[in-house]
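**Q** Just dropping this structure here.
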Amino acid sequence: MRNTYIIVNVKRFLYWWHNVFVYHYGRIALCVLAIALIVLVLIQSGLNAPKFDMHVAAVINAPISYGASEQLRAVAMEACGDLDGNGEISVDLVTVDLSADQLTTYQQLEVLLAQPEYVLFILEDKESLVHGARGDFNLIENYGFVPDKGSPFRVELSGSPAVEALAPGRTLYGCLADWTTSGKGKREWTLAAVTLLDMLVEPIQQ
């Protein structure tokens with residue numbers, strides 16, 4: 001009798017599974033499972049993502065060498081220090097070569113401009129003018145810098161060794177996208193960016 005009872009219940013479950021659950025709720029269950037898996041992957045990616053103390057963007061119409069990037073990164077690490085207190089200093093320096101593929105690279109610049117952790121942008125003449133006039137950057141004099149004559153949103157960086165290495169012979173400018181003025185971003189990101197910009201400008205003023 002016991003075996004018969006078990007067999008009957010198993011058959012009832014299988015009937016319910018195939019004819020009720022799978023038929024009526026199968027697609028919903030698959031959707032829920034897919035969403036759960038996506039959430040788990042995103043959480044795992046977030047946990048494994050590298051943590052940076054500072055983010056800097058250098059956008060130039062020319063390729064940037066590894067050595068030049070590392071020279072600027074070293075100055076940035078000195079400027080920001082261990083902001084997140086994890087015992088390590090890490091700087092995310094994103095370099096964009098606009099001469100490579102303008103459609104793709106300009107889209108990349110737009111993405112960087114939309115992220116509040118990117119405060120300091122090192123740009124050439126055209127990009128600094130266009131995005132300054134568009135309202136992407138803050139008035140540079142509000143942070144103690146003398147603005148360039150061509151735009152109140154930028155300070156010239158030509159003459160700084162770390163910047164000269166990025167694009168020898170080109171005139172580059174520093175711009176600040178301070179998201180704390182609109183209630184977003186973090187104050188420490190802005191302070192670190194201003195400190196770095198000051199370190200880049202200092203050799204020029206000496």
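Residue numbering restarts at 1 for every chain of the structure tokens, chains are lettered A, B, ... in their displayed order, and ligands are numbered from 1 as they appear.
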Determine, counting only C-alpha atoms, which protein, DNA and RNA residues have an atom within 6 Å of an atom of Ile60 of chain A; residues of the same chain fewer than 2 positions away are not included. Present the result as a list of chain:residue names.
**A** A:Ala62, A:Asp97, A:Leu98
**Q** Extract, using only C-alpha atoms, all DNA, RNA and protein residues at most 10 Å from Phe137 of chain A, discarding same-chain residues fewer than 6 positions from it, and format them as a PyMOL selection string.
**A** chain A and resi 113+119-121+128-129+131+152-154+175-179
**Q** Could you check how far atom CA of Asp53 of chain A sits from atom CA of Gln115 of chain A, in Å to one decimal?
**A**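 These atoms are spaced 14.7 Å apart.
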**Q** Got a sec: who's within 10 Å of Glu141 of chain A, counting only C-alpha atoms, leaving out chain neighbours fewer than 3 positions off, as a VMD selection string?
**A** chain A and resid 138 144 to 148 152 to 155
**Q** Tell me which of A:Ala193, A:Leu93, A:Ala100, A:Ala76 sits closest to Ala58 of chain A, counting only C-alpha atoms.
**A**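 Counting only C-alpha atoms, the residue closest to Ala58 of chain A is A:Leu93.
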**Q** Would you give me, as an NGL selection string, the residues in segment 67-146 of chain A that DSSP reads as helix (DSSP H, G or I)?
**A** :A and (67-80 or 102-113 or 125-133 or 140-143)
**Q** So, counting only C-alpha atoms, which residue among A:Ser160, A:Thr180, A:Ser151, A:Asn142 is closest to Glu202 of chain A?
**A** A:Ser160
**Q** Could you check which of A:Gln107, A:Tyr66, A:Leu72, A:Asp125 is closest to Glu164 of chain A, using only C-alpha atoms?
**A** A:Leu72
**Q** Atom CA of Met54 of chain A and atom CA of Val91 of chain A are how many Å apart?
**A**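 Computed distance, atom CA of Met54 of chain A to atom CA of Val91 of chain A, equals 4.9 Å.
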**Q** Using the chain letters and numbers from this document, which residues of segment 80-193 of chain A does DSSP assign to strand (DSSP E or B), as a PDB file with N, CA and C atoms, in the first residue's frame?
**A**
ATOM      1  N   VAL A  91      44.470  54.495  -9.501  1.00  0.00           N
ATOM      2  CA  VAL A  91      43.915  55.549 -10.348  1.00  0.00           C
ATOM      3  C   VAL A  91      43.470  54.954 -11.679  1.00  0.00           C
ATOM      4  N   ASP A  92      42.251  55.246 -12.045  1.00  0.00           N
ATOM      5  CA  ASP A  92      41.714  54.837 -13.346  1.00  0.00           C
ATOM      6  C   ASP A  92      41.919  55.974 -14.325  1.00  0.00           C
ATOM      7  N   LEU A  93      42.950  55.842 -15.169  1.00  0.00           N
ATOM      8  CA  LEU A  93      43.235  56.856 -16.183  1.00  0.00           C
ATOM      9  C   LEU A  93      42.736  56.340 -17.528  1.00  0.00           C
ATOM     10  N   VAL A  94      41.668  56.951 -18.022  1.00  0.00           N
ATOM     11  CA  VAL A  94      41.105  56.558 -19.316  1.00  0.00           C
ATOM     12  C   VAL A  94      41.659  57.486 -20.384  1.00  0.00           C
ATOM     13  N   THR A  95      42.290  56.914 -21.386  1.00  0.00           N
ATOM     14  CA  THR A  95      42.806  57.706 -22.500  1.00  0.00           C
ATOM     15  C   THR A  95      41.983  57.409 -23.752  1.00  0.00           C
ATOM     16  N   VAL A  96      41.581  58.450 -24.429  1.00  0.00           N
ATOM     17  CA  VAL A  96      40.757  58.321 -25.635  1.00  0.00           C
ATOM     18  C   VAL A  96      41.477  58.992 -26.795  1.00  0.00           C
ATOM     19  N   ASP A  97      41.726  58.234 -27.844  1.00  0.00           N
ATOM     20  CA  ASP A  97      42.365  58.757 -29.049  1.00  0.00           C
ATOM     21  C   ASP A  97      41.277  59.091 -30.070  1.00  0.00           C
ATOM     22  N   TYR A 118      34.179  60.927 -12.835  1.00  0.00           N
ATOM     23  CA  TYR A 118      35.173  61.575 -13.696  1.00  0.00           C
ATOM     24  C   TYR A 118      35.027  63.090 -13.562  1.00  0.00           C
ATOM     25  N   VAL A 119      35.963  63.699 -12.835  1.00  0.00           N
ATOM     26  CA  VAL A 119      35.908  65.135 -12.568  1.00  0.00           C
ATOM     27  C   VAL A 119      36.908  65.891 -13.435  1.00  0.00           C
ATOM     28  N   LEU A 120      38.140  65.382 -13.524  1.00  0.00           N
ATOM     29  CA  LEU A 120      39.170  66.070 -14.298  1.00  0.00           C
ATOM     30  C   LEU A 120      39.256  65.500 -15.714  1.00  0.00           C
ATOM     31  N   PHE A 121      39.154  66.399 -16.691  1.00  0.00           N
ATOM     32  CA  PHE A 121      39.295  66.044 -18.099  1.00  0.00           C
ATOM     33  C   PHE A 121      40.448  66.834 -18.687  1.00  0.00           C
ATOM     34  N   ILE A 122      41.328  66.140 -19.389  1.00  0.00           N
ATOM     35  CA  ILE A 122      42.429  66.783 -20.105  1.00  0.00           C
ATOM     36  C   ILE A 122      42.089  66.700 -21.591  1.00  0.00           C
ATOM     37  N   LEU A 123      41.905  67.872 -22.202  1.00  0.00           N
ATOM     38  CA  LEU A 123      41.359  67.923 -23.559  1.00  0.00           C
ATOM     39  C   LEU A 123      42.164  68.867 -24.446  1.00  0.00           C
ATOM     40  N   ASP A 148      41.936  80.210 -18.942  1.00  0.00           N
ATOM     41  CA  ASP A 148      42.540  80.513 -20.232  1.00  0.00           C
ATOM     42  C   ASP A 148      41.737  81.634 -20.903  1.00  0.00           C
ATOM     43  N   SER A 151      38.538  80.508 -22.929  1.00  0.00           N
ATOM     44  CA  SER A 151      37.340  79.943 -22.299  1.00  0.00           C
ATOM     45  C   SER A 151      37.463  80.016 -20.782  1.00  0.00           C
ATOM     46  N   VAL A 155      41.867  75.624 -18.050  1.00  0.00           N
ATOM     47  CA  VAL A 155      43.171  76.195 -17.725  1.00  0.00           C
ATOM     48  C   VAL A 155      44.198  75.480 -18.599  1.00  0.00           C
ATOM     49  N   GLU A 156      45.118  76.239 -19.171  1.00  0.00           N
ATOM     50  CA  GLU A 156      46.108  75.640 -20.069  1.00  0.00           C
ATOM     51  C   GLU A 156      47.126  74.831 -19.274  1.00  0.00           C
ATOM     52  N   TYR A 173      44.374  71.289 -22.249  1.00  0.00           N
ATOM     53  CA  TYR A 173      43.704  72.075 -21.225  1.00  0.00           C
ATOM     54  C   TYR A 173      43.086  71.161 -20.169  1.00  0.00           C
ATOM     55  N   GLY A 174      43.018  71.680 -18.946  1.00  0.00           N
ATOM     56  CA  GLY A 174      42.352  70.967 -17.865  1.00  0.00           C
ATOM     57  C   GLY A 174      40.977  71.554 -17.619  1.00  0.00           C
ATOM     58  N   CYS A 175      39.968  70.679 -17.524  1.00  0.00           N
ATOM     59  CA  CYS A 175      38.588  71.111 -17.267  1.00  0.00           C
ATOM     60  C   CYS A 175      38.029  70.276 -16.115  1.00  0.00           C
ATOM     61  N   LEU A 176      37.129  70.877 -15.350  1.00  0.00           N
ATOM     62  CA  LEU A 176      36.553  70.195 -14.195  1.00  0.00           C
ATOM     63  C   LEU A 176      35.049  70.017 -14.354  1.00  0.00           C
TER      64      LEU A 176
END
